[in-house]
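Listing of start.txt, compact mmCIF, N, CA and C atoms
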```txt
# COMPACT_ATOMS: atom_id res chain seq x y z
N MET A 1 -88.59 42.24 -23.06
CA MET A 1 -87.90 41.24 -22.28
C MET A 1 -87.29 40.23 -23.23
N PHE A 2 -86.04 39.93 -23.02
CA PHE A 2 -85.32 38.98 -23.85
C PHE A 2 -85.11 37.72 -23.04
N ARG A 3 -85.57 36.58 -23.53
CA ARG A 3 -85.47 35.32 -22.78
C ARG A 3 -84.63 34.34 -23.57
N PHE A 4 -83.80 33.60 -22.85
CA PHE A 4 -83.00 32.54 -23.44
C PHE A 4 -83.62 31.19 -23.10
N ASP A 5 -83.33 30.18 -23.93
CA ASP A 5 -83.80 28.83 -23.65
C ASP A 5 -83.07 28.26 -22.44
N ASP A 6 -83.69 27.29 -21.81
CA ASP A 6 -83.09 26.69 -20.61
C ASP A 6 -81.84 25.88 -20.92
N ASP A 7 -81.77 25.29 -22.10
CA ASP A 7 -80.62 24.44 -22.43
C ASP A 7 -79.47 25.21 -23.07
N LEU A 8 -79.54 26.50 -23.11
CA LEU A 8 -78.51 27.34 -23.73
C LEU A 8 -77.31 27.46 -22.79
N ARG A 9 -76.12 27.21 -23.31
CA ARG A 9 -74.89 27.31 -22.51
C ARG A 9 -74.41 28.76 -22.51
N ILE A 10 -73.80 29.18 -21.41
CA ILE A 10 -73.27 30.54 -21.28
C ILE A 10 -71.79 30.45 -20.96
N TYR A 11 -70.98 31.13 -21.76
CA TYR A 11 -69.53 31.17 -21.56
C TYR A 11 -69.12 32.61 -21.29
N LEU A 12 -68.28 32.79 -20.27
CA LEU A 12 -67.81 34.12 -19.89
C LEU A 12 -66.33 34.25 -20.24
N HIS A 13 -65.99 35.29 -20.99
CA HIS A 13 -64.59 35.60 -21.27
C HIS A 13 -64.05 36.30 -20.03
N ARG A 14 -63.01 35.74 -19.42
CA ARG A 14 -62.56 36.23 -18.11
C ARG A 14 -61.84 37.56 -18.17
N GLU A 15 -61.13 37.82 -19.22
CA GLU A 15 -60.37 39.06 -19.34
C GLU A 15 -61.27 40.17 -19.88
N PRO A 16 -61.09 41.40 -19.43
CA PRO A 16 -61.89 42.50 -19.98
C PRO A 16 -61.50 42.76 -21.43
N ILE A 17 -62.46 43.25 -22.18
CA ILE A 17 -62.22 43.56 -23.59
C ILE A 17 -62.42 45.05 -23.83
N ASP A 18 -61.88 45.51 -24.94
CA ASP A 18 -62.10 46.89 -25.38
C ASP A 18 -63.51 46.95 -25.98
N PHE A 19 -64.36 47.77 -25.42
CA PHE A 19 -65.75 47.79 -25.87
C PHE A 19 -65.96 48.52 -27.18
N ARG A 20 -64.90 49.04 -27.78
CA ARG A 20 -65.03 49.63 -29.11
C ARG A 20 -65.05 48.55 -30.19
N CYS A 21 -64.63 47.33 -29.83
CA CYS A 21 -64.60 46.27 -30.84
C CYS A 21 -66.02 45.81 -31.15
N GLY A 22 -66.20 45.38 -32.38
CA GLY A 22 -67.52 45.01 -32.86
C GLY A 22 -67.73 43.51 -32.88
N LEU A 23 -68.73 43.10 -33.63
CA LEU A 23 -69.16 41.72 -33.68
C LEU A 23 -68.08 40.81 -34.26
N ASN A 24 -67.47 41.22 -35.36
CA ASN A 24 -66.46 40.37 -36.00
C ASN A 24 -65.27 40.12 -35.07
N THR A 25 -64.85 41.14 -34.34
CA THR A 25 -63.73 40.97 -33.41
C THR A 25 -64.11 40.03 -32.28
N LEU A 26 -65.33 40.15 -31.77
CA LEU A 26 -65.76 39.27 -30.69
C LEU A 26 -65.88 37.82 -31.15
N VAL A 27 -66.34 37.61 -32.36
CA VAL A 27 -66.40 36.24 -32.90
C VAL A 27 -64.99 35.67 -33.02
N THR A 28 -64.03 36.49 -33.43
CA THR A 28 -62.64 36.06 -33.50
C THR A 28 -62.10 35.71 -32.12
N VAL A 29 -62.46 36.50 -31.10
CA VAL A 29 -62.04 36.21 -29.73
C VAL A 29 -62.62 34.87 -29.28
N VAL A 30 -63.86 34.60 -29.62
CA VAL A 30 -64.48 33.32 -29.25
C VAL A 30 -63.72 32.17 -29.89
N GLU A 31 -63.36 32.32 -31.16
CA GLU A 31 -62.66 31.25 -31.86
C GLU A 31 -61.23 31.06 -31.36
N GLN A 32 -60.47 32.15 -31.26
CA GLN A 32 -59.05 32.04 -30.97
C GLN A 32 -58.73 32.01 -29.48
N SER A 33 -59.25 32.95 -28.72
CA SER A 33 -58.90 33.05 -27.31
C SER A 33 -59.65 32.01 -26.46
N MET A 34 -60.95 31.89 -26.70
CA MET A 34 -61.75 30.95 -25.92
C MET A 34 -61.72 29.54 -26.50
N GLN A 35 -61.30 29.41 -27.74
CA GLN A 35 -61.22 28.14 -28.48
C GLN A 35 -62.56 27.41 -28.48
N LEU A 36 -63.60 28.16 -28.80
CA LEU A 36 -64.95 27.62 -28.88
C LEU A 36 -65.53 27.93 -30.25
N ASP A 37 -66.58 27.21 -30.60
CA ASP A 37 -67.26 27.41 -31.87
C ASP A 37 -68.29 28.52 -31.72
N PRO A 38 -68.15 29.65 -32.42
CA PRO A 38 -69.12 30.75 -32.28
C PRO A 38 -70.50 30.41 -32.84
N PHE A 39 -70.59 29.35 -33.66
CA PHE A 39 -71.88 28.94 -34.22
C PHE A 39 -72.61 27.96 -33.31
N ALA A 40 -72.01 27.62 -32.18
CA ALA A 40 -72.64 26.68 -31.25
C ALA A 40 -73.86 27.32 -30.60
N ARG A 41 -74.69 26.47 -30.05
CA ARG A 41 -75.89 26.95 -29.36
C ARG A 41 -75.48 27.41 -27.97
N ALA A 42 -74.93 28.65 -27.91
CA ALA A 42 -74.39 29.18 -26.66
C ALA A 42 -74.38 30.70 -26.71
N VAL A 43 -74.25 31.29 -25.52
CA VAL A 43 -74.11 32.73 -25.38
C VAL A 43 -72.70 32.99 -24.88
N PHE A 44 -72.01 33.94 -25.49
CA PHE A 44 -70.66 34.30 -25.11
C PHE A 44 -70.71 35.71 -24.51
N ALA A 45 -70.29 35.82 -23.25
CA ALA A 45 -70.40 37.07 -22.51
C ALA A 45 -69.03 37.71 -22.35
N PHE A 46 -68.99 39.04 -22.51
CA PHE A 46 -67.76 39.83 -22.37
C PHE A 46 -68.05 41.02 -21.48
N HIS A 47 -67.02 41.51 -20.78
CA HIS A 47 -67.19 42.67 -19.92
C HIS A 47 -66.03 43.64 -20.13
N ASN A 48 -66.22 44.88 -19.70
CA ASN A 48 -65.16 45.88 -19.81
C ASN A 48 -64.33 45.91 -18.53
N ARG A 49 -63.35 46.83 -18.47
CA ARG A 49 -62.46 46.88 -17.30
C ARG A 49 -63.19 47.24 -16.00
N LYS A 50 -64.12 48.17 -16.08
CA LYS A 50 -64.87 48.58 -14.88
C LYS A 50 -65.95 47.58 -14.49
N ARG A 51 -66.23 46.67 -15.38
CA ARG A 51 -67.29 45.66 -15.20
C ARG A 51 -68.66 46.29 -15.02
N ASP A 52 -68.88 47.40 -15.68
CA ASP A 52 -70.21 48.02 -15.64
C ASP A 52 -70.94 47.89 -16.96
N ARG A 53 -70.32 47.19 -17.93
CA ARG A 53 -70.96 46.94 -19.22
C ARG A 53 -70.74 45.50 -19.61
N VAL A 54 -71.75 44.94 -20.27
CA VAL A 54 -71.69 43.55 -20.70
C VAL A 54 -72.10 43.49 -22.17
N LYS A 55 -71.36 42.67 -22.95
CA LYS A 55 -71.75 42.38 -24.32
C LYS A 55 -71.98 40.89 -24.44
N LEU A 56 -73.06 40.52 -25.09
CA LEU A 56 -73.39 39.12 -25.32
C LEU A 56 -73.40 38.86 -26.82
N VAL A 57 -72.81 37.77 -27.22
CA VAL A 57 -72.80 37.35 -28.61
C VAL A 57 -73.44 35.97 -28.68
N LEU A 58 -74.37 35.79 -29.59
CA LEU A 58 -74.97 34.48 -29.82
C LEU A 58 -75.38 34.34 -31.27
N TYR A 59 -75.48 33.11 -31.70
CA TYR A 59 -75.82 32.83 -33.09
C TYR A 59 -77.14 32.07 -33.13
N ASP A 60 -78.06 32.56 -33.95
CA ASP A 60 -79.24 31.76 -34.28
C ASP A 60 -79.17 31.47 -35.78
N ARG A 61 -80.09 30.78 -36.31
CA ARG A 61 -79.99 30.34 -37.72
C ARG A 61 -80.00 31.49 -38.71
N ALA A 62 -80.48 32.66 -38.27
CA ALA A 62 -80.54 33.81 -39.17
C ALA A 62 -79.26 34.64 -39.15
N GLY A 63 -78.44 34.50 -38.11
CA GLY A 63 -77.21 35.28 -38.01
C GLY A 63 -76.81 35.50 -36.57
N PHE A 64 -75.81 36.37 -36.39
CA PHE A 64 -75.29 36.66 -35.05
C PHE A 64 -76.10 37.77 -34.40
N TRP A 65 -76.20 37.69 -33.08
CA TRP A 65 -76.78 38.74 -32.25
C TRP A 65 -75.66 39.35 -31.43
N LEU A 66 -75.69 40.66 -31.30
CA LEU A 66 -74.78 41.37 -30.41
C LEU A 66 -75.64 42.22 -29.48
N LEU A 67 -75.62 41.88 -28.20
CA LEU A 67 -76.41 42.60 -27.20
C LEU A 67 -75.47 43.30 -26.24
N MET A 68 -75.78 44.53 -25.90
CA MET A 68 -74.96 45.27 -24.95
C MET A 68 -75.85 45.82 -23.84
N LYS A 69 -75.35 45.77 -22.62
CA LYS A 69 -76.11 46.27 -21.47
C LYS A 69 -75.17 47.05 -20.57
N ARG A 70 -75.59 48.25 -20.18
CA ARG A 70 -74.84 49.04 -19.19
C ARG A 70 -75.49 48.79 -17.84
N LEU A 71 -74.70 48.34 -16.89
CA LEU A 71 -75.21 48.02 -15.56
C LEU A 71 -75.17 49.27 -14.69
N SER A 72 -76.17 49.43 -13.85
CA SER A 72 -76.25 50.60 -12.97
C SER A 72 -76.09 50.15 -11.53
N ARG A 73 -75.53 51.03 -10.74
CA ARG A 73 -75.37 50.76 -9.32
C ARG A 73 -76.22 51.77 -8.56
N TYR A 74 -77.19 51.27 -7.83
CA TYR A 74 -78.10 52.16 -7.11
C TYR A 74 -77.57 52.52 -5.73
N VAL A 75 -77.18 51.54 -4.98
CA VAL A 75 -76.66 51.78 -3.63
C VAL A 75 -75.42 50.93 -3.42
N GLY A 76 -74.57 51.36 -2.49
CA GLY A 76 -73.33 50.65 -2.26
C GLY A 76 -73.46 49.45 -1.34
N ASP A 77 -74.36 49.53 -0.36
CA ASP A 77 -74.42 48.44 0.62
C ASP A 77 -75.39 47.33 0.24
N GLY A 78 -76.32 47.58 -0.65
CA GLY A 78 -77.24 46.55 -1.09
C GLY A 78 -78.39 46.28 -0.14
N GLN A 79 -78.51 47.04 0.94
CA GLN A 79 -79.58 46.81 1.91
C GLN A 79 -80.85 47.60 1.56
N ALA A 80 -80.69 48.74 0.90
CA ALA A 80 -81.86 49.57 0.57
C ALA A 80 -82.55 49.00 -0.67
N PRO A 81 -83.88 48.95 -0.67
CA PRO A 81 -84.58 48.44 -1.85
C PRO A 81 -84.49 49.44 -3.01
N VAL A 82 -84.43 48.92 -4.21
CA VAL A 82 -84.35 49.78 -5.39
C VAL A 82 -85.71 50.42 -5.67
N ASP A 83 -86.78 49.68 -5.45
CA ASP A 83 -88.10 50.22 -5.72
C ASP A 83 -88.63 51.00 -4.52
N ASN A 84 -89.69 51.73 -4.74
CA ASN A 84 -90.29 52.52 -3.66
C ASN A 84 -91.74 52.09 -3.44
N ASN A 85 -92.00 50.80 -3.50
CA ASN A 85 -93.35 50.29 -3.33
C ASN A 85 -93.92 50.60 -1.95
N ILE A 86 -93.09 50.57 -0.93
CA ILE A 86 -93.57 50.83 0.42
C ILE A 86 -94.07 52.27 0.54
N ALA A 87 -93.30 53.21 0.01
CA ALA A 87 -93.71 54.61 0.06
C ALA A 87 -94.95 54.85 -0.79
N GLU A 88 -95.02 54.22 -1.96
CA GLU A 88 -96.20 54.39 -2.80
C GLU A 88 -97.44 53.81 -2.14
N ARG A 89 -97.29 52.68 -1.48
CA ARG A 89 -98.43 52.07 -0.81
C ARG A 89 -98.92 52.94 0.34
N ASP A 90 -97.99 53.55 1.07
CA ASP A 90 -98.40 54.38 2.20
C ASP A 90 -99.02 55.70 1.78
N ILE A 91 -98.66 56.21 0.62
CA ILE A 91 -99.22 57.49 0.17
C ILE A 91 -100.52 57.31 -0.63
N ARG A 92 -100.84 56.07 -0.99
CA ARG A 92 -102.02 55.81 -1.81
C ARG A 92 -103.32 56.36 -1.21
N PRO A 93 -103.56 56.23 0.12
CA PRO A 93 -104.81 56.81 0.64
C PRO A 93 -104.93 58.31 0.39
N PHE A 94 -103.81 59.01 0.45
CA PHE A 94 -103.87 60.45 0.19
C PHE A 94 -104.15 60.73 -1.28
N ALA A 95 -103.51 59.98 -2.15
CA ALA A 95 -103.68 60.23 -3.58
C ALA A 95 -105.08 59.85 -4.06
N THR A 96 -105.60 58.73 -3.57
CA THR A 96 -106.92 58.30 -4.04
C THR A 96 -108.05 59.11 -3.46
N SER A 97 -107.86 59.69 -2.27
CA SER A 97 -108.96 60.44 -1.68
C SER A 97 -108.78 61.95 -1.82
N ARG A 98 -107.88 62.38 -2.66
CA ARG A 98 -107.67 63.81 -2.86
C ARG A 98 -108.92 64.50 -3.38
N LYS A 99 -109.58 63.84 -4.31
CA LYS A 99 -110.81 64.44 -4.86
C LYS A 99 -111.92 64.48 -3.81
N VAL A 100 -111.93 63.50 -2.92
CA VAL A 100 -112.94 63.50 -1.86
C VAL A 100 -112.73 64.69 -0.93
N TRP A 101 -111.47 65.04 -0.67
CA TRP A 101 -111.18 66.21 0.16
C TRP A 101 -111.75 67.48 -0.46
N LEU A 102 -111.67 67.54 -1.79
CA LEU A 102 -112.16 68.74 -2.48
C LEU A 102 -113.66 68.92 -2.31
N PHE A 103 -114.38 67.82 -2.10
CA PHE A 103 -115.83 67.90 -2.00
C PHE A 103 -116.34 67.73 -0.57
N SER A 104 -115.51 68.03 0.42
CA SER A 104 -115.96 67.98 1.82
C SER A 104 -116.90 69.16 2.07
N ASP A 105 -117.89 68.93 2.93
CA ASP A 105 -118.87 69.98 3.22
C ASP A 105 -118.27 71.10 4.06
N THR A 106 -117.49 70.76 5.05
CA THR A 106 -116.95 71.77 5.95
C THR A 106 -115.44 71.61 6.06
N VAL A 107 -114.81 72.63 6.58
CA VAL A 107 -113.36 72.59 6.81
C VAL A 107 -113.05 71.57 7.90
N ALA A 108 -113.91 71.51 8.91
CA ALA A 108 -113.70 70.55 10.01
C ALA A 108 -113.78 69.11 9.49
N GLY A 109 -114.72 68.85 8.58
CA GLY A 109 -114.84 67.51 8.00
C GLY A 109 -113.61 67.15 7.17
N ALA A 110 -113.09 68.12 6.42
CA ALA A 110 -111.89 67.87 5.63
C ALA A 110 -110.69 67.60 6.53
N LYS A 111 -110.59 68.37 7.65
CA LYS A 111 -109.49 68.15 8.60
C LYS A 111 -109.59 66.77 9.24
N ALA A 112 -110.81 66.40 9.64
CA ALA A 112 -111.01 65.10 10.29
C ALA A 112 -110.63 63.97 9.34
N LYS A 113 -111.06 64.09 8.10
CA LYS A 113 -110.73 63.04 7.13
C LYS A 113 -109.23 63.00 6.88
N GLY A 114 -108.61 64.16 6.79
CA GLY A 114 -107.16 64.21 6.59
C GLY A 114 -106.41 63.58 7.75
N MET A 115 -106.83 63.89 8.97
CA MET A 115 -106.17 63.29 10.14
C MET A 115 -106.41 61.79 10.21
N LEU A 116 -107.60 61.36 9.84
CA LEU A 116 -107.90 59.93 9.84
C LEU A 116 -107.01 59.19 8.85
N LEU A 117 -106.92 59.72 7.64
CA LEU A 117 -106.08 59.07 6.63
C LEU A 117 -104.61 59.11 7.01
N PHE A 118 -104.19 60.21 7.63
CA PHE A 118 -102.80 60.31 8.06
C PHE A 118 -102.50 59.26 9.12
N ARG A 119 -103.38 59.10 10.08
CA ARG A 119 -103.15 58.13 11.16
C ARG A 119 -103.23 56.70 10.64
N LEU A 120 -104.08 56.46 9.67
CA LEU A 120 -104.17 55.10 9.12
C LEU A 120 -102.93 54.75 8.30
N ALA A 121 -102.32 55.74 7.66
CA ALA A 121 -101.13 55.49 6.85
C ALA A 121 -99.84 55.54 7.66
N SER A 122 -99.89 56.12 8.85
CA SER A 122 -98.71 56.17 9.71
C SER A 122 -98.52 54.80 10.37
N PRO A 123 -97.47 54.63 11.17
CA PRO A 123 -97.22 53.29 11.73
C PRO A 123 -98.47 52.64 12.30
N ARG A 124 -98.75 51.47 11.80
CA ARG A 124 -100.03 50.84 12.09
C ARG A 124 -100.09 50.20 13.47
N SER A 125 -98.99 50.18 14.18
CA SER A 125 -99.00 49.56 15.51
C SER A 125 -99.89 50.35 16.47
N ASP A 126 -99.99 51.68 16.30
CA ASP A 126 -100.85 52.49 17.16
C ASP A 126 -102.30 52.04 17.05
N LEU A 127 -102.71 51.72 15.82
CA LEU A 127 -104.10 51.35 15.58
C LEU A 127 -104.42 50.01 16.21
N PHE A 128 -103.47 49.10 16.25
CA PHE A 128 -103.74 47.77 16.79
C PHE A 128 -103.50 47.67 18.29
N CYS A 129 -102.83 48.67 18.88
CA CYS A 129 -102.62 48.64 20.33
C CYS A 129 -103.91 48.96 21.08
N HIS A 130 -104.78 49.76 20.51
CA HIS A 130 -106.03 50.15 21.15
C HIS A 130 -107.18 49.49 20.41
N HIS A 131 -108.27 49.50 21.04
CA HIS A 131 -109.46 49.03 20.37
C HIS A 131 -109.76 50.01 19.23
N ALA A 132 -109.98 49.52 18.04
CA ALA A 132 -110.08 50.37 16.85
C ALA A 132 -111.21 51.38 16.95
N TYR A 133 -112.37 50.97 17.44
CA TYR A 133 -113.50 51.89 17.52
C TYR A 133 -113.22 53.04 18.47
N ILE A 134 -112.68 52.77 19.63
CA ILE A 134 -112.38 53.81 20.62
C ILE A 134 -111.31 54.75 20.10
N TYR A 135 -110.30 54.17 19.47
CA TYR A 135 -109.21 54.98 18.93
C TYR A 135 -109.72 55.96 17.87
N LEU A 136 -110.48 55.48 16.91
CA LEU A 136 -110.98 56.36 15.85
C LEU A 136 -112.00 57.36 16.39
N ARG A 137 -112.85 56.97 17.35
CA ARG A 137 -113.83 57.89 17.92
C ARG A 137 -113.12 59.04 18.64
N ASN A 138 -112.09 58.72 19.41
CA ASN A 138 -111.36 59.77 20.12
C ASN A 138 -110.60 60.67 19.14
N LEU A 139 -110.05 60.08 18.11
CA LEU A 139 -109.32 60.87 17.12
C LEU A 139 -110.24 61.86 16.41
N LEU A 140 -111.40 61.38 15.98
CA LEU A 140 -112.34 62.26 15.29
C LEU A 140 -112.93 63.29 16.24
N ALA A 141 -113.17 62.90 17.48
CA ALA A 141 -113.76 63.84 18.46
C ALA A 141 -112.81 64.98 18.75
N THR A 142 -111.53 64.71 18.84
CA THR A 142 -110.57 65.78 19.15
C THR A 142 -110.35 66.71 17.97
N HIS A 143 -110.45 66.21 16.78
CA HIS A 143 -110.18 67.06 15.62
C HIS A 143 -111.42 67.69 15.01
N LEU A 144 -112.60 67.32 15.48
CA LEU A 144 -113.83 67.94 14.98
C LEU A 144 -114.28 69.10 15.86
N ARG A 145 -113.61 69.36 16.96
CA ARG A 145 -114.02 70.46 17.83
C ARG A 145 -113.76 71.80 17.22
```
Have the structure of the file written as structure tokens, please.
Amino acid sequence: MFRFDDDLRIYLHREPIDFRCGLNTLVTVVEQSMQLDPFARAVFAFHNRKRDRVKLVLYDRAGFWLLMKRLSRYVGDGQAPVDNNIAERDIRPFATSRKVWLFSDTVAGAKAKGMLLFRLASPRSDLFCHHAYIYLRNLLATHLR
């Protein structure tokens, strides 16, 4: 993780640049086009024509830094989450109790446990609509026959 100081200024070059250019060319752009001091305590940001890549130039006392990042687009509408934490959380009971299934005494016991875990991981509104004890007792009774 790369962190910048809070008091660091950030300048964006508005026009796209050719990303084949190196550090010396970008420092020249900062001096001539942006009319800023490249040795100042600031970050100078550049982008390409598609705006899917960013180059950052900054100076510390040891020398210049040139950072490049390629940006990724996951979804077009922005409504879908990038991570899959919800799916991982819902599948966790199956993954953590897989070994327990292997050591069940009977096939009926393994089926009952599988159905129980499936119902607990499925939409939880069913579990809260009924009294929990009656719901689980009926579920186990029907699948243990």
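All residues in stretch 14-81 of chain A with a DSSP state of helix (DSSP H, G or I), computed from the backbone, read Leu23, Asn24, Thr25, Leu26, Val27, Thr28, Val29, Val30, Glu31 and Gln32 of chain A.
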Item checked: From A:Tyr11, A:Leu56, A:Gly22, A:Arg51, residue lying nearest A:Gln35 [only C-alpha atoms] -> A:Tyr11
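The residue set within 6 Å of stretch 38-43 of chain A, counting only N, CA and C atoms and dropping same-chain residues fewer than 4 places from it, reads Leu8, Arg9, Ile10, Tyr11, Val30, Glu31, Val57, Leu58 and Tyr59 of chain A.
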Margin query: Residues within 6 Å of A:Lys55, please, as number ranges by chain. Count only N, CA and C atoms; anything in the same chain fewer than 5 positions from it doesn't count.
Written below: A: 44-47, 67-69
Let's have the selection written as a PDB file, keeping the file's coordinate frame, with N, CA and C atoms.
```pdb
ATOM      1  N   PHE A  44     -72.010  33.940 -25.490  1.00  0.00           N
ATOM      2  CA  PHE A  44     -70.660  34.300 -25.110  1.00  0.00           C
ATOM      3  C   PHE A  44     -70.710  35.710 -24.510  1.00  0.00           C
ATOM      4  N   ALA A  45     -70.290  35.820 -23.250  1.00  0.00           N
ATOM      5  CA  ALA A  45     -70.400  37.070 -22.510  1.00  0.00           C
ATOM      6  C   ALA A  45     -69.030  37.710 -22.350  1.00  0.00           C
ATOM      7  N   PHE A  46     -68.990  39.040 -22.510  1.00  0.00           N
ATOM      8  CA  PHE A  46     -67.760  39.830 -22.370  1.00  0.00           C
ATOM      9  C   PHE A  46     -68.050  41.020 -21.480  1.00  0.00           C
ATOM     10  N   HIS A  47     -67.020  41.510 -20.780  1.00  0.00           N
ATOM     11  CA  HIS A  47     -67.190  42.670 -19.920  1.00  0.00           C
ATOM     12  C   HIS A  47     -66.030  43.640 -20.130  1.00  0.00           C
ATOM     13  N   LEU A  67     -75.620  41.880 -28.200  1.00  0.00           N
ATOM     14  CA  LEU A  67     -76.410  42.600 -27.200  1.00  0.00           C
ATOM     15  C   LEU A  67     -75.470  43.300 -26.240  1.00  0.00           C
ATOM     16  N   MET A  68     -75.780  44.530 -25.900  1.00  0.00           N
ATOM     17  CA  MET A  68     -74.960  45.270 -24.950  1.00  0.00           C
ATOM     18  C   MET A  68     -75.850  45.820 -23.840  1.00  0.00           C
ATOM     19  N   LYS A  69     -75.350  45.770 -22.620  1.00  0.00           N
ATOM     20  CA  LYS A  69     -76.110  46.270 -21.470  1.00  0.00           C
ATOM     21  C   LYS A  69     -75.170  47.050 -20.570  1.00  0.00           C
TER      22      LYS A  69
END
```
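Atom pair atom C of A:Ile17 / atom C of A:Trp65: separated by 16.3 Å.
Atom CA of A:Arg61 sits 14.7 Å away from atom CA of A:Asp5.
Separating atom CA of A:Leu66 from atom N of A:Arg14 is a distance of 17.1 Å.
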Return the padded bounding box of stretch 29-40 of chain A as lines of an AutoDock Vina configuration file: axis-aligned, built from all atoms listed in the file, 3 Å added on each side, with centre and edge lengths in Å to one decimal.
```
center_x = -66.3
center_y = 31.6
center_z = -30.1
size_x = 21.1
size_y = 15.8
size_z = 14.3
```
